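Source file work14.txt; content: compact mmCIF, C-alpha atoms.
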# COMPACT_ATOMS: atom_id res chain seq x y z
CA MET X 1 0.71 52.49 6.37
CA LYS X 2 0.51 51.62 2.69
CA LYS X 3 -3.03 51.35 1.34
CA HIS X 4 -3.99 48.43 -0.86
CA TRP X 5 -6.78 48.16 -3.40
CA TYR X 6 -8.77 46.06 -0.94
CA ASP X 7 -8.74 48.82 1.65
CA TYR X 8 -11.36 50.58 -0.45
CA LEU X 9 -13.90 47.76 -0.50
CA TRP X 10 -16.04 49.73 1.95
CA ILE X 11 -17.12 51.72 -1.11
CA VAL X 12 -18.52 48.52 -2.60
CA SER X 13 -20.44 47.74 0.60
CA LEU X 14 -21.86 51.23 0.77
CA THR X 15 -22.83 51.17 -2.90
CA TYR X 16 -24.56 47.84 -2.35
CA LEU X 17 -26.71 49.27 0.44
CA ILE X 18 -27.61 52.31 -1.66
CA LEU X 19 -28.46 50.29 -4.78
CA GLY X 20 -31.05 48.36 -2.79
CA PHE X 21 -33.01 51.58 -2.45
CA PHE X 22 -33.26 51.92 -6.22
CA ASN X 23 -33.53 48.43 -7.58
CA ILE X 24 -33.97 45.51 -5.22
CA LEU X 25 -32.58 43.02 -7.71
CA PHE X 26 -29.07 44.28 -6.91
CA ALA X 27 -29.54 42.49 -3.58
CA TRP X 28 -28.50 39.29 -5.32
CA LEU X 29 -24.93 40.63 -5.44
CA GLY X 30 -24.85 40.27 -1.65
CA LEU X 31 -24.44 36.54 -2.12
CA LEU X 32 -20.80 37.36 -2.88
CA CYS X 33 -20.37 38.33 0.80
CA PHE X 34 -21.62 34.85 1.68
CA PHE X 35 -19.81 32.72 -0.82
CA ILE X 36 -16.39 34.39 -0.99
CA PRO X 37 -15.62 34.02 2.75
CA LEU X 38 -16.95 30.45 2.73
CA ILE X 39 -14.89 29.49 -0.31
CA ILE X 40 -11.75 31.06 1.15
CA SER X 41 -12.17 29.33 4.50
CA ILE X 42 -13.03 25.95 2.99
CA SER X 43 -10.33 25.96 0.33
CA LYS X 44 -7.51 27.79 2.12
CA GLY X 45 -8.45 27.44 5.78
CA THR X 46 -7.95 31.13 6.53
CA LYS X 47 -10.07 34.10 7.44
CA SER X 48 -8.47 36.44 4.95
CA TYR X 49 -11.93 37.63 3.91
CA CYS X 50 -12.47 39.12 7.39
CA ASN X 51 -8.85 40.13 7.69
CA ARG X 52 -8.59 41.95 4.38
CA TYR X 53 -11.58 42.15 2.14
CA CYS X 54 -14.67 42.63 4.30
CA GLY X 55 -16.11 45.96 3.16
CA ARG X 56 -18.63 46.07 5.95
CA GLY X 57 -15.91 45.83 8.59
CA GLN X 58 -14.05 48.64 6.85
CA LEU X 59 -17.20 50.74 6.74
CA PHE X 60 -17.76 50.35 10.49
CA ASN X 61 -14.09 51.06 11.10
CA LEU X 62 -14.37 54.26 9.08
CA LEU X 63 -17.57 55.45 10.75
CA GLY X 64 -16.53 54.50 14.27
CA GLY X 65 -12.83 55.28 13.94
CA ARG X 66 -12.18 58.06 11.44
CA PHE X 67 -15.55 59.78 11.96
CA GLY X 68 -15.42 59.11 15.69
CA LEU X 69 -18.98 57.87 16.05
CA SER X 70 -18.01 55.00 18.34
CA ARG X 71 -17.90 55.23 22.15
CA ARG X 72 -14.99 52.76 22.05
CA LYS X 73 -16.14 50.88 25.12
CA ASP X 74 -15.57 47.19 25.76
CA ILE X 75 -18.23 44.90 24.40
CA PRO X 76 -20.20 43.17 27.21
CA LYS X 77 -18.81 39.76 28.22
CA TRP X 78 -21.95 37.86 27.23
CA MET X 79 -21.79 39.22 23.69
CA LYS X 80 -18.41 37.64 23.07
CA SER X 81 -19.29 34.36 24.77
CA LYS X 82 -19.37 31.20 22.66
CA ALA X 83 -23.01 30.67 23.62
CA PHE X 84 -24.11 34.00 22.21
CA ARG X 85 -21.94 33.79 19.08
CA TYR X 86 -23.06 30.28 18.19
CA GLY X 87 -26.62 31.03 19.27
CA PHE X 88 -26.75 34.05 16.99
CA LEU X 89 -25.33 31.99 14.15
CA ILE X 90 -28.08 29.39 14.59
CA PHE X 91 -30.76 32.08 14.87
CA PHE X 92 -29.42 33.68 11.71
CA PHE X 93 -29.51 30.33 9.93
CA ILE X 94 -33.12 29.70 10.94
CA MET X 95 -34.15 33.15 9.73
CA PHE X 96 -32.23 32.61 6.52
CA PHE X 97 -33.99 29.33 5.80
CA GLN X 98 -37.33 30.89 6.59
CA MET X 99 -36.49 33.52 3.97
CA LEU X 100 -35.59 30.77 1.48
CA TRP X 101 -38.90 29.05 2.26
CA ASN X 102 -40.80 32.25 1.49
CA THR X 103 -38.90 32.50 -1.77
CA TYR X 104 -39.83 28.94 -2.59
CA LEU X 105 -43.52 29.66 -1.92
CA VAL X 106 -43.46 32.52 -4.39
CA PHE X 107 -41.61 30.39 -6.94
CA SER X 108 -44.23 27.68 -6.65
CA ASN X 109 -47.01 30.25 -7.01
CA ALA X 110 -48.38 29.37 -3.55
CA GLN X 111 -47.81 32.91 -2.37
CA ASN X 112 -47.73 36.33 -3.98
CA LEU X 113 -44.66 38.54 -4.08
CA LYS X 114 -44.43 40.79 -1.01
CA GLN X 115 -42.63 44.03 -1.78
CA VAL X 116 -41.43 44.62 1.76
CA VAL X 117 -38.09 44.71 3.52
CA THR X 118 -38.31 43.12 6.95
CA LEU X 119 -36.07 44.89 9.43
CA LEU X 120 -34.84 43.13 12.56
CA TRP X 121 -36.98 40.13 11.57
CA THR X 122 -40.05 42.04 12.74
CA PHE X 123 -40.78 45.35 11.08
CA LYS X 124 -42.16 45.17 7.57
CA VAL X 125 -41.18 48.28 5.66
CA PRO X 126 -42.91 48.95 2.30
CA TRP X 127 -40.26 48.87 -0.42
CA HIS X 128 -42.30 48.86 -3.62
CA TRP X 129 -40.34 51.77 -5.14
CA ALA X 130 -37.35 49.52 -5.69
CA TYR X 131 -39.17 47.00 -7.85
CA HIS X 132 -40.36 47.80 -11.32
CA GLY X 133 -41.35 44.37 -12.50
CA THR X 134 -39.17 42.13 -14.62
CA LEU X 135 -39.44 39.52 -17.27
CA ILE X 136 -38.21 36.96 -14.81
CA HIS X 137 -40.23 35.16 -12.17
CA PRO X 138 -41.43 37.13 -9.10
CA GLY X 139 -39.64 34.53 -6.99
CA VAL X 140 -36.35 36.07 -8.10
CA ALA X 141 -37.54 39.40 -6.71
CA GLN X 142 -38.82 37.74 -3.51
CA PHE X 143 -35.36 36.38 -2.80
CA ALA X 144 -33.90 39.84 -3.44
CA PHE X 145 -36.30 41.44 -0.93
CA GLY X 146 -35.54 38.73 1.61
CA PHE X 147 -31.81 38.86 1.13
CA TYR X 148 -31.72 42.64 1.28
CA SER X 149 -33.67 42.40 4.55
CA VAL X 150 -30.92 40.19 5.95
CA MET X 151 -28.19 42.58 4.79
CA LEU X 152 -29.91 45.74 6.02
CA THR X 153 -30.86 44.18 9.36
CA SER X 154 -27.32 43.08 10.04
CA THR X 155 -26.01 46.49 9.01
CA ILE X 156 -28.38 48.15 11.48
CA LEU X 157 -27.32 45.80 14.29
CA GLY X 158 -23.68 46.36 13.42
CA PHE X 159 -24.21 50.10 13.32
CA ILE X 160 -25.78 50.14 16.78
CA THR X 161 -22.99 48.09 18.33
CA MET X 162 -20.47 50.24 16.45
CA LEU X 163 -21.91 53.29 18.25
CA LEU X 164 -22.08 51.60 21.66
CA PHE X 165 -18.84 49.62 21.70
CA LYS X 166 -15.75 49.38 19.46
CA PRO X 167 -16.08 50.30 15.77
CA ARG X 168 -15.93 46.73 14.52
CA SER X 169 -18.04 45.16 17.28
CA TRP X 170 -20.12 43.53 14.57
CA CYS X 171 -17.14 41.26 13.84
CA VAL X 172 -17.51 39.68 17.28
CA TYR X 173 -20.93 38.21 16.55
CA CYS X 174 -21.00 38.32 12.73
CA PRO X 175 -22.48 34.97 11.67
CA MET X 176 -20.18 34.73 8.67
CA GLY X 177 -17.16 35.41 10.87
CA THR X 178 -18.26 32.82 13.42
CA MET X 179 -18.93 30.29 10.70
CA THR X 180 -15.62 30.80 8.86
CA GLN X 181 -13.71 30.64 12.16
CA LEU X 182 -15.48 27.33 12.91
CA ILE X 183 -14.61 26.01 9.46
CA CYS X 184 -10.98 27.00 10.01
CA LYS X 185 -10.97 25.25 13.40
CA VAL X 186 -12.33 22.05 11.86
CA LYS X 187 -9.99 22.26 8.87
CA ASN X 188 -6.95 22.80 11.05
CA LYS X 189 -7.92 20.47 13.85
CA LYS X 190 -4.61 18.66 13.54
CA HIS X 191 -3.06 21.76 15.06
CA TYR X 192 -5.92 22.83 17.23
CA LYS X 193 -8.38 21.28 19.66
CA ILE X 194 -11.91 22.64 19.36
CA MET Q 1 20.31 43.88 34.62
CA GLU Q 2 16.75 42.72 34.13
CA ARG Q 3 14.67 44.81 31.85
CA LYS Q 4 10.93 44.78 31.72
CA LYS Q 5 9.31 44.94 28.33
CA ARG Q 6 5.71 45.34 27.36
CA LYS Q 7 4.13 42.86 24.97
CA ALA Q 8 0.67 42.15 23.62
CA PHE Q 9 -1.00 38.96 24.84
CA ILE Q 10 -4.01 37.38 23.16
CA ASN Q 11 -6.88 35.90 25.10
CA THR Q 12 -7.31 33.09 22.61
CA SER Q 13 -10.79 32.00 23.68
CA ASP Q 14 -12.19 35.50 23.07
CA CYS Q 15 -10.36 36.16 19.79
CA VAL Q 16 -12.67 36.11 16.77
CA ALA Q 17 -9.81 36.27 14.24
CA CYS Q 18 -11.20 39.38 12.58
CA GLY Q 19 -7.77 40.85 11.91
CA CYS Q 20 -8.34 44.40 13.21
CA CYS Q 21 -5.07 44.08 15.14
CA ILE Q 22 -3.10 43.41 11.94
CA LYS Q 23 -4.34 46.62 10.39
CA VAL Q 24 -3.34 48.88 13.29
CA CYS Q 25 -0.04 47.28 14.23
CA PRO Q 26 2.76 49.68 13.29
CA ARG Q 27 5.39 46.94 13.54
CA ASN Q 28 3.62 44.26 11.51
CA ALA Q 29 3.83 41.93 14.49
CA MET Q 30 0.35 40.45 14.18
CA GLU Q 31 -0.84 37.48 12.24
CA ILE Q 32 -4.10 35.50 12.17
CA TRP Q 33 -2.99 31.95 12.76
CA LYS Q 34 -4.87 29.51 10.53
CA GLY Q 35 -8.03 31.60 10.63
CA ILE Q 36 -8.48 30.72 14.29
CA MET Q 37 -6.79 33.36 16.44
CA ALA Q 38 -4.33 36.22 16.43
CA LYS Q 39 -0.69 35.52 17.12
CA VAL Q 40 1.93 37.99 18.25
CA ASP Q 41 5.50 37.98 17.02
CA PHE Q 42 7.27 38.93 20.26
CA SER Q 43 10.45 39.83 18.43
CA LYS Q 44 8.58 42.62 16.66
CA CYS Q 45 6.00 43.65 19.28
CA VAL Q 46 6.93 46.76 21.25
CA GLY Q 47 3.83 46.72 23.44
CA CYS Q 48 2.40 50.00 22.14
CA GLY Q 49 -1.15 48.83 22.83
CA LYS Q 50 -2.75 50.00 19.59
CA CYS Q 51 -4.10 46.51 18.94
CA ALA Q 52 -5.56 46.23 22.45
CA LYS Q 53 -7.44 49.47 21.91
CA GLU Q 54 -8.73 48.39 18.53
CA CYS Q 55 -9.72 44.80 19.29
CA PRO Q 56 -13.54 44.61 19.13
CA ALA Q 57 -13.59 41.63 21.48
CA SER Q 58 -11.12 43.31 23.87
CA ALA Q 59 -9.14 40.11 23.71
CA ILE Q 60 -5.68 41.70 23.83
CA GLU Q 61 -3.88 42.70 26.99
CA ILE Q 62 -0.56 44.46 27.33
CA GLN Q 63 1.57 42.78 29.97
CA GLU Q 64 5.06 43.28 31.24
CA VAL Q 65 7.50 40.50 30.68
CA VAL Q 66 11.03 40.05 31.96
CA SER Q 67 13.42 39.57 29.12

Encoded form using C-alpha cells:
Amino acid sequence: MKKHWYDYLWIVSLTYLILGFFNILFAWLGLLCFFIPLIISISKGTKSYCNRYCGRGQLFNLLGGRFGLSRRKDIPKWMKSKAFRYGFLIFFFIMFFQMLWNTYLVFSNAQNLKQVVTLLWTFKVPWHWAYHGTLIHPGVAQFAFGFYSVMLTSTILGFITMLLFKPRSWCVYCPMGTMTQLICKVKNKKHYKI
Amino acid sequence: MERKKRKAFINTSDCVACGCCIKVCPRNAMEIWKGIMAKVDFSKCVGCGKCAKECPASAIEIQEVVS
C-alpha cells in the first residue's frame, strides 16, 4: 500500500520521548497530541487524528506488528467495556488536574520545583539531568515534568498491553481516543443515539 | 445457485474508531463513520479477515452471508 507522509509520524513520537531524557522542556510539545485531536473532533467531527496521524499508535503498530513483539491475543472483555474506558478517562482527568494543581503551586511560589518524573502515578523517578535551569519561571519546568510523566506513563501502559494483546491495544482505552469518540458522538447525535 | 460469501461485520458497541482496519484493508473497504465506528463497504469487502486480526478491540467478525 502507498505510504503517506503521515505514516512516518511515529518518528516524531519516538523523538519526543527521547528528547524528554535530555531537556524536559520539550515535554511542552506533547500538548500538540492533546489539542490536535480535540480540535479535529470538535471542528470536523471525525477521528482522523487516531485514524491517520497518531504517531504513538503507529509506534505500537511497528513494535507489535513489524517487530513481532505482540502476542496478538484478544484484549480482555472488561478492558473494552464502556465502564472501564470511561472510568479510565475520568481517572486520567483527575490525575491531569492534580498535575495542573502542582504546577499552579510552583507558579505561586507555594511549592518548590520537583525535578522528578512520576511513573504510573506512583513511582517518583529522579530526573534532574534533564533540567538545566532557565530564565523562565520554575513553574514552566514543573508543568513539563508533570506532562512528561503523563506521556511516559501512558507509553509504558500502552507498551505493556501491546506486548500482552494486539499491537494497538492502547487505542482501546486511550483517554484521548475515548474523548474524541465521545465528542464525535455528541456532534453527530442527529445520526446517532448515544 | 446460492453462493455464500464472507464479509466483515463490526460489533459497533465495541468499536473504538481507531482506524486500524482502514490501514490493513487491501480493498479499501473500510471507513470510520463520523468518528464513531467502522463501516464496511460490502461491495468491496472480500472477507479476507485482515481487519479482524488487526482490530485491537476484536470488534470485527467474519461471517458468511448468502448473496

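Remark: for chain Q, the closest of the candidate residues X:Arg168, X:Arg66, X:Lys124, X:Lys190 is X:Arg168 (distances computed over only C-alpha atoms).
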
Legend entry - For range 34-47 of chain Q: contacts at 6 Å, only C-alpha atoms, fewer than 3 positions along chain excluded, given as an MDAnalysis selection string: (chainID X and resid 46:47 181 184) or (chainID Q and resid 6:8 15 17 29:31)

Inset, instruction - Within 10 Å of chain X, which residues of chain Q are there when counting only C-alpha atoms? Please give them as a list in words. - result: Ser13, Asp14, Cys15, Val16, Ala17, Cys18, Gly19, Cys20, Cys21, Ile22, Lys23, Val24, Cys25, Pro26, Glu31, Ile32, Trp33, Lys34, Gly35, Ile36, Met37, Lys53, Glu54, Cys55, Pro56, Ala57, Ser58 and Ala59 of chain Q

The selected residues should be written to file as a short mmCIF file (atom, residue, chain, number, x, y, z; two decimals), keeping the file's coordinate frame (atoms: C-alpha atoms).
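Wrote it out as part.cif, contents follow:
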data_model
loop_
_atom_site.label_atom_id
_atom_site.label_comp_id
_atom_site.auth_asym_id
_atom_site.auth_seq_id
_atom_site.Cartn_x
_atom_site.Cartn_y
_atom_site.Cartn_z
CA SER Q 13 -10.79 32.00 23.68
CA ASP Q 14 -12.19 35.50 23.07
CA CYS Q 15 -10.36 36.16 19.79
CA VAL Q 16 -12.67 36.11 16.77
CA ALA Q 17 -9.81 36.27 14.24
CA CYS Q 18 -11.20 39.38 12.58
CA GLY Q 19 -7.77 40.85 11.91
CA CYS Q 20 -8.34 44.40 13.21
CA CYS Q 21 -5.07 44.08 15.14
CA ILE Q 22 -3.10 43.41 11.94
CA LYS Q 23 -4.34 46.62 10.39
CA VAL Q 24 -3.34 48.88 13.29
CA CYS Q 25 -0.04 47.28 14.23
CA PRO Q 26 2.76 49.68 13.29
CA GLU Q 31 -0.84 37.48 12.24
CA ILE Q 32 -4.10 35.50 12.17
CA TRP Q 33 -2.99 31.95 12.76
CA LYS Q 34 -4.87 29.51 10.53
CA GLY Q 35 -8.03 31.60 10.63
CA ILE Q 36 -8.48 30.72 14.29
CA MET Q 37 -6.79 33.36 16.44
CA LYS Q 53 -7.44 49.47 21.91
CA GLU Q 54 -8.73 48.39 18.53
CA CYS Q 55 -9.72 44.80 19.29
CA PRO Q 56 -13.54 44.61 19.13
CA ALA Q 57 -13.59 41.63 21.48
CA SER Q 58 -11.12 43.31 23.87
CA ALA Q 59 -9.14 40.11 23.71
#

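From CA of Leu63 in chain X back to CA of Thr161 in chain X, the distance works out to 11.9 Å.
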
Legend entry - Nearest candidate to Ile136 in chain X (options X:Phe93, X:Phe26, X:Phe84, X:Phe107; using all atoms listed in the file): X:Phe107

Legend entry - Atom pair CA of Phe21 in chain X / CA of Ala144 in chain X: separation (Å): 11.8 Å

Inset, instruction - Rounded to one decimal place, report the CA of Trp127 in chain X-CA of Ala27 in chain X distance in Å. - result: 12.9 Å

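With all atoms listed in the file as the basis for measurement, X:Phe147 is the residue among X:Phe88, X:Phe35, X:Phe147, X:Phe60 that approaches Thr118 in chain X most closely.
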
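All residues that come within 9 Å of the coordinates (-29.9, 35.0, -10.7), counting only C-alpha atoms, are given as Leu25, Trp28 and Val140 of chain X.
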
Inset, instruction - List the residues sitting within 8 Å of (6.7, 39.1, 29.1) in the file's frame, using all atoms listed in the file, as a list of chain:residue names. - result: Q:Lys4, Q:Lys5, Q:Arg6, Q:Lys7, Q:Gln63, Q:Glu64, Q:Val65, Q:Val66, Q:Ser67
